[in-house]
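Accompanying notes for the structure given below.
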Amino acid sequence: MLQSAIEGEDRERKRIARELHDGLGQYLVAANMNFESIKKEIQQLPEKRQSQFQTGLSLLKNALSETRSIAYNLMPKAIEDYGLITALENLVQDFEKSTDIEFSFIHNCKDLDLQKQAAINIYRIVQEVVSNAVQHSGCTSIILQLQLSGDKLTLIAEDDGTGMNLKEEREQSGLGIKSIENRASNLKGRLNFSTRPDNGLKITLTIPNIERLYSQTES
């Protein structure tokens, strides 16, 4: 039931991402092309109208960029095209560009080739953990590690922020933590939270028998 619920959520994410990209995104691209095609001719307009045109074109470009970003966050195509590691590298780069936080991503499994749902689950866990840290922890650095050792894959996410009260977090809403726990359970992994007030948060996910999640076992 848990696996079905998670897969259903991801299918819906993929559907919305496709509609944003193929529907709204294409309309915005077409509108942008039309405005760009007359850009040289706006010199004939009064200065105020030229300024309004440039502002409108800038807002359109921002809307196009935002639509692409939302579609990517809903279902990053990099997972299917290039694999989990590249998708995580792109995720970290995106956070680096939009924050002042120092990121480190350390791994020893560049060619890790997991089943798509397993890769998506790990990606979503990292995305949720990092998003929470960026928004709520006040941290200045985040260290991510993905280490393959024998038949075990270990994910470690650690920040130097304010930490959290796990009991209080679950009672208040806990949606982020619940999502992390559900996806960890779906991977049959062991999840551990280590945190103290003003001493950061460390999350460790250990997935045993990782071979069962390699893509060649996918039916």
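Chains: A, B, ... in order of the structure tokens. Residues: from 1 per chain. Ligands: from 1, in order shown.
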
Would you tabulate, counting only C-alpha atoms, all residues of segment 7-33 of chain A that have an atom at most 12 Å from an atom of segment 178-183 of chain A, showing the closest pair of atoms and their distance in Å to one decimal, sorted by chain then ascending number, as a Markdown table?
```
| residue | atom | partner | partner_atom | distance |
| --- | --- | --- | --- | --- |
| A:Glu7 | CA | A:Arg183 | CA | 10.0 |
| A:Glu9 | CA | A:Ser179 | CA | 10.9 |
| A:Asp10 | CA | A:Arg183 | CA | 11.3 |
```

Contacts of Asn90 of chain A at 9 Å or less, counting only C-alpha atoms, minus same-chain residues fewer than 5 places along, as JSON, numbers by chain? {"A": [78, 85, 95]}

Could you list, as a PDB file with N, CA and C atoms, in the first residue's frame, every residue within 10 Å of Leu91 of chain A, counting only C-alpha atoms and ignoring same-chain residues fewer than 4 positions away?
```pdb
ATOM      1  N   TYR A  72      10.800  20.820 -13.598  1.00  0.00           N
ATOM      2  CA  TYR A  72      11.982  20.022 -13.261  1.00  0.00           C
ATOM      3  C   TYR A  72      11.925  19.530 -11.823  1.00  0.00           C
ATOM      4  N   ASN A  73      11.511  20.397 -10.900  1.00  0.00           N
ATOM      5  CA  ASN A  73      11.438  20.002  -9.496  1.00  0.00           C
ATOM      6  C   ASN A  73      10.373  18.933  -9.258  1.00  0.00           C
ATOM      7  N   PRO A  76      12.403  15.597 -12.113  1.00  0.00           N
ATOM      8  CA  PRO A  76      13.655  15.913 -12.807  1.00  0.00           C
ATOM      9  C   PRO A  76      13.971  14.887 -13.891  1.00  0.00           C
ATOM     10  N   ALA A  78      16.591  14.569 -15.474  1.00  0.00           N
ATOM     11  CA  ALA A  78      17.979  14.113 -15.387  1.00  0.00           C
ATOM     12  C   ALA A  78      18.086  12.715 -14.799  1.00  0.00           C
ATOM     13  N   ILE A  85      23.053  10.224  -9.652  1.00  0.00           N
ATOM     14  CA  ILE A  85      24.159  11.073  -9.212  1.00  0.00           C
ATOM     15  C   ILE A  85      24.135  12.423  -9.927  1.00  0.00           C
ATOM     16  N   THR A  86      23.964  12.404 -11.239  1.00  0.00           N
ATOM     17  CA  THR A  86      23.910  13.656 -11.994  1.00  0.00           C
ATOM     18  C   THR A  86      22.717  14.505 -11.566  1.00  0.00           C
ATOM     19  N   ALA A  87      21.578  13.860 -11.323  1.00  0.00           N
ATOM     20  CA  ALA A  87      20.390  14.590 -10.863  1.00  0.00           C
ATOM     21  C   ALA A  87      20.666  15.262  -9.518  1.00  0.00           C
ATOM     22  N   PHE A  95      20.581  24.744  -5.684  1.00  0.00           N
ATOM     23  CA  PHE A  95      20.509  25.338  -4.346  1.00  0.00           C
ATOM     24  C   PHE A  95      21.673  26.298  -4.118  1.00  0.00           C
ATOM     25  N   GLU A  96      22.851  25.951  -4.629  1.00  0.00           N
ATOM     26  CA  GLU A  96      24.014  26.832  -4.478  1.00  0.00           C
ATOM     27  C   GLU A  96      23.779  28.178  -5.148  1.00  0.00           C
ATOM     28  N   TYR A 123      16.257  10.652  -4.399  1.00  0.00           N
ATOM     29  CA  TYR A 123      16.289  12.055  -4.826  1.00  0.00           C
ATOM     30  C   TYR A 123      15.312  12.894  -4.003  1.00  0.00           C
ATOM     31  N   VAL A 126      16.575  13.510  -0.438  1.00  0.00           N
ATOM     32  CA  VAL A 126      17.593  14.564  -0.411  1.00  0.00           C
ATOM     33  C   VAL A 126      16.953  15.930  -0.627  1.00  0.00           C
ATOM     34  N   GLN A 127      16.042  16.015  -1.591  1.00  0.00           N
ATOM     35  CA  GLN A 127      15.376  17.279  -1.891  1.00  0.00           C
ATOM     36  C   GLN A 127      14.621  17.805  -0.677  1.00  0.00           C
ATOM     37  N   VAL A 130      17.218  18.848   2.186  1.00  0.00           N
ATOM     38  CA  VAL A 130      17.919  20.103   1.875  1.00  0.00           C
ATOM     39  C   VAL A 130      16.954  21.293   1.909  1.00  0.00           C
TER      40      VAL A 130
END
```

Output as a VMD selection string all residues of segment 30-183 of chain A that backbone DSSP marks as helix (DSSP H, G or I). chain A and resid 30 to 37 39 to 44 47 to 74 77 to 82 84 to 98 116 to 137 166 to 172 175 to 183

Export of the given selection (C-alpha atoms) as an mmCIF file, in the first residue's frame:
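selection_31.cif, freshly written:
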```
data_model
loop_
_atom_site.group_PDB
_atom_site.id
_atom_site.type_symbol
_atom_site.label_atom_id
_atom_site.label_comp_id
_atom_site.auth_asym_id
_atom_site.auth_seq_id
_atom_site.Cartn_x
_atom_site.Cartn_y
_atom_site.Cartn_z
ATOM 1 C CA ALA A 30 5.781 30.792 -28.582
ATOM 2 C CA ALA A 31 4.845 34.099 -26.942
ATOM 3 C CA ASN A 32 8.500 34.836 -26.222
ATOM 4 C CA MET A 33 9.471 34.141 -29.846
ATOM 5 C CA ASN A 34 6.766 36.502 -31.108
ATOM 6 C CA PHE A 35 7.843 39.309 -28.793
ATOM 7 C CA GLU A 36 11.511 38.777 -29.676
ATOM 8 C CA SER A 37 10.670 38.983 -33.381
ATOM 9 C CA LYS A 39 11.990 43.679 -30.471
ATOM 10 C CA LYS A 40 14.013 45.695 -33.005
ATOM 11 C CA GLU A 41 10.958 47.625 -34.143
ATOM 12 C CA ILE A 42 9.964 49.020 -30.740
ATOM 13 C CA GLN A 43 12.388 51.917 -31.240
ATOM 14 C CA GLN A 44 9.537 53.517 -33.180
ATOM 15 C CA GLU A 47 10.093 55.807 -24.658
ATOM 16 C CA LYS A 48 7.453 54.912 -22.070
ATOM 17 C CA ARG A 49 5.989 52.230 -24.370
ATOM 18 C CA GLN A 50 9.486 50.860 -25.021
ATOM 19 C CA SER A 51 10.030 50.560 -21.278
ATOM 20 C CA GLN A 52 6.678 48.806 -20.832
ATOM 21 C CA PHE A 53 7.532 46.389 -23.645
ATOM 22 C CA GLN A 54 10.912 45.534 -22.121
ATOM 23 C CA THR A 55 9.317 45.024 -18.717
ATOM 24 C CA GLY A 56 6.651 42.758 -20.187
ATOM 25 C CA LEU A 57 9.245 40.734 -22.117
ATOM 26 C CA SER A 58 11.365 40.377 -18.984
ATOM 27 C CA LEU A 59 8.363 39.140 -16.979
ATOM 28 C CA LEU A 60 7.541 36.661 -19.748
ATOM 29 C CA LYS A 61 11.081 35.276 -19.667
ATOM 30 C CA ASN A 62 10.864 34.977 -15.880
ATOM 31 C CA ALA A 63 7.562 33.087 -16.204
ATOM 32 C CA LEU A 64 9.138 30.723 -18.744
ATOM 33 C CA SER A 65 12.131 30.110 -16.493
ATOM 34 C CA GLU A 66 9.895 29.563 -13.445
ATOM 35 C CA THR A 67 7.675 27.114 -15.359
ATOM 36 C CA ARG A 68 10.715 25.078 -16.424
ATOM 37 C CA SER A 69 12.045 25.118 -12.861
ATOM 38 C CA ILE A 70 8.723 23.925 -11.389
ATOM 39 C CA ALA A 71 8.419 21.161 -13.995
ATOM 40 C CA TYR A 72 11.982 20.022 -13.261
ATOM 41 C CA ASN A 73 11.438 20.002 -9.496
ATOM 42 C CA LEU A 74 8.250 17.986 -9.897
ATOM 43 C CA LYS A 77 14.289 14.463 -16.261
ATOM 44 C CA ALA A 78 17.979 14.113 -15.387
ATOM 45 C CA ILE A 79 17.172 10.973 -13.388
ATOM 46 C CA GLU A 80 15.915 9.173 -16.488
ATOM 47 C CA ASP A 81 18.490 10.686 -18.847
ATOM 48 C CA TYR A 82 21.672 10.652 -16.760
ATOM 49 C CA LEU A 84 20.684 9.621 -9.820
ATOM 50 C CA ILE A 85 24.159 11.073 -9.212
ATOM 51 C CA THR A 86 23.910 13.656 -11.994
ATOM 52 C CA ALA A 87 20.390 14.590 -10.863
ATOM 53 C CA LEU A 88 21.671 15.139 -7.309
ATOM 54 C CA GLU A 89 24.612 17.188 -8.592
ATOM 55 C CA ASN A 90 22.172 19.386 -10.512
ATOM 56 C CA LEU A 91 19.975 19.723 -7.420
ATOM 57 C CA VAL A 92 22.933 20.862 -5.314
ATOM 58 C CA GLN A 93 24.024 23.339 -8.008
ATOM 59 C CA ASP A 94 20.524 24.825 -8.130
ATOM 60 C CA PHE A 95 20.509 25.338 -4.346
ATOM 61 C CA GLU A 96 24.014 26.832 -4.478
ATOM 62 C CA LYS A 97 22.898 29.377 -7.069
ATOM 63 C CA SER A 98 19.859 30.471 -5.062
ATOM 64 C CA LYS A 116 13.803 4.437 -11.504
ATOM 65 C CA GLN A 117 11.489 4.398 -8.469
ATOM 66 C CA ALA A 118 14.390 3.740 -6.088
ATOM 67 C CA ALA A 119 16.367 6.620 -7.626
ATOM 68 C CA ILE A 120 13.351 8.927 -7.372
ATOM 69 C CA ASN A 121 12.831 7.996 -3.704
ATOM 70 C CA ILE A 122 16.450 8.823 -2.828
ATOM 71 C CA TYR A 123 16.289 12.055 -4.826
ATOM 72 C CA ARG A 124 13.075 13.133 -3.072
ATOM 73 C CA ILE A 125 14.569 12.378 0.353
ATOM 74 C CA VAL A 126 17.593 14.564 -0.411
ATOM 75 C CA GLN A 127 15.376 17.279 -1.891
ATOM 76 C CA GLU A 128 13.133 17.333 1.185
ATOM 77 C CA VAL A 129 16.047 17.299 3.642
ATOM 78 C CA VAL A 130 17.919 20.103 1.875
ATOM 79 C CA SER A 131 14.775 22.203 1.376
ATOM 80 C CA ASN A 132 13.949 21.955 5.076
ATOM 81 C CA ALA A 133 17.500 22.906 6.053
ATOM 82 C CA VAL A 134 17.577 25.873 3.670
ATOM 83 C CA GLN A 135 14.196 27.204 4.769
ATOM 84 C CA HIS A 136 14.194 26.534 8.504
ATOM 85 C CA SER A 137 17.609 25.686 9.985
ATOM 86 C CA LEU A 166 11.560 15.874 16.175
ATOM 87 C CA LYS A 167 8.596 15.247 18.473
ATOM 88 C CA GLU A 168 7.424 18.838 18.095
ATOM 89 C CA GLU A 169 7.961 18.741 14.325
ATOM 90 C CA ARG A 170 5.794 15.638 13.977
ATOM 91 C CA GLU A 171 3.057 17.111 16.162
ATOM 92 C CA GLN A 172 2.958 20.424 14.277
ATOM 93 C CA LEU A 175 4.638 16.284 6.409
ATOM 94 C CA GLY A 176 8.287 16.608 5.415
ATOM 95 C CA ILE A 177 9.491 14.055 7.929
ATOM 96 C CA LYS A 178 6.591 11.733 7.097
ATOM 97 C CA SER A 179 7.477 11.866 3.413
ATOM 98 C CA ILE A 180 11.114 11.059 4.197
ATOM 99 C CA GLU A 181 10.096 8.166 6.449
ATOM 100 C CA ASN A 182 7.645 6.776 3.879
ATOM 101 C CA ARG A 183 10.205 6.800 1.093
#
```

Would you list, as number ranges by chain, the residues of segment 40-189 of chain A that end up in strand (DSSP E) under DSSP run on this structure's backbone? A: 102-107, 141-149, 152-159

With only C-alpha atoms as the basis for distance, which of A:Ala184, A:Ile156, A:Leu112, A:Ile101 is at the shortest distance from Ile142 of chain A? A:Ile101

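One distance worth recording is that between atom CA of Pro197 of chain A and atom CA of Glu158 of chain A, which is 14.0 Å.
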
Non-local contacts of segment 198-212 of chain A (8 Å; only C-alpha atoms; under 6 positions in same chain excluded) as number ranges by chain: A: 137, 139, 151-164, 184, 187-192

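Rounded to one decimal, atom CA of Leu24 of chain A and atom CA of Gly83 of chain A lie 26.7 Å from each other.
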
For atom CA of Gln26 of chain A and atom CA of Gly8 of chain A, quote the distance in Å rounded to one decimal. 26.0 Å

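Each of A:Ile38, A:Leu213, A:Leu148, A:Leu45 was compared to Asp113 of chain A using only C-alpha atoms, and A:Leu213 turns out to be the nearest.
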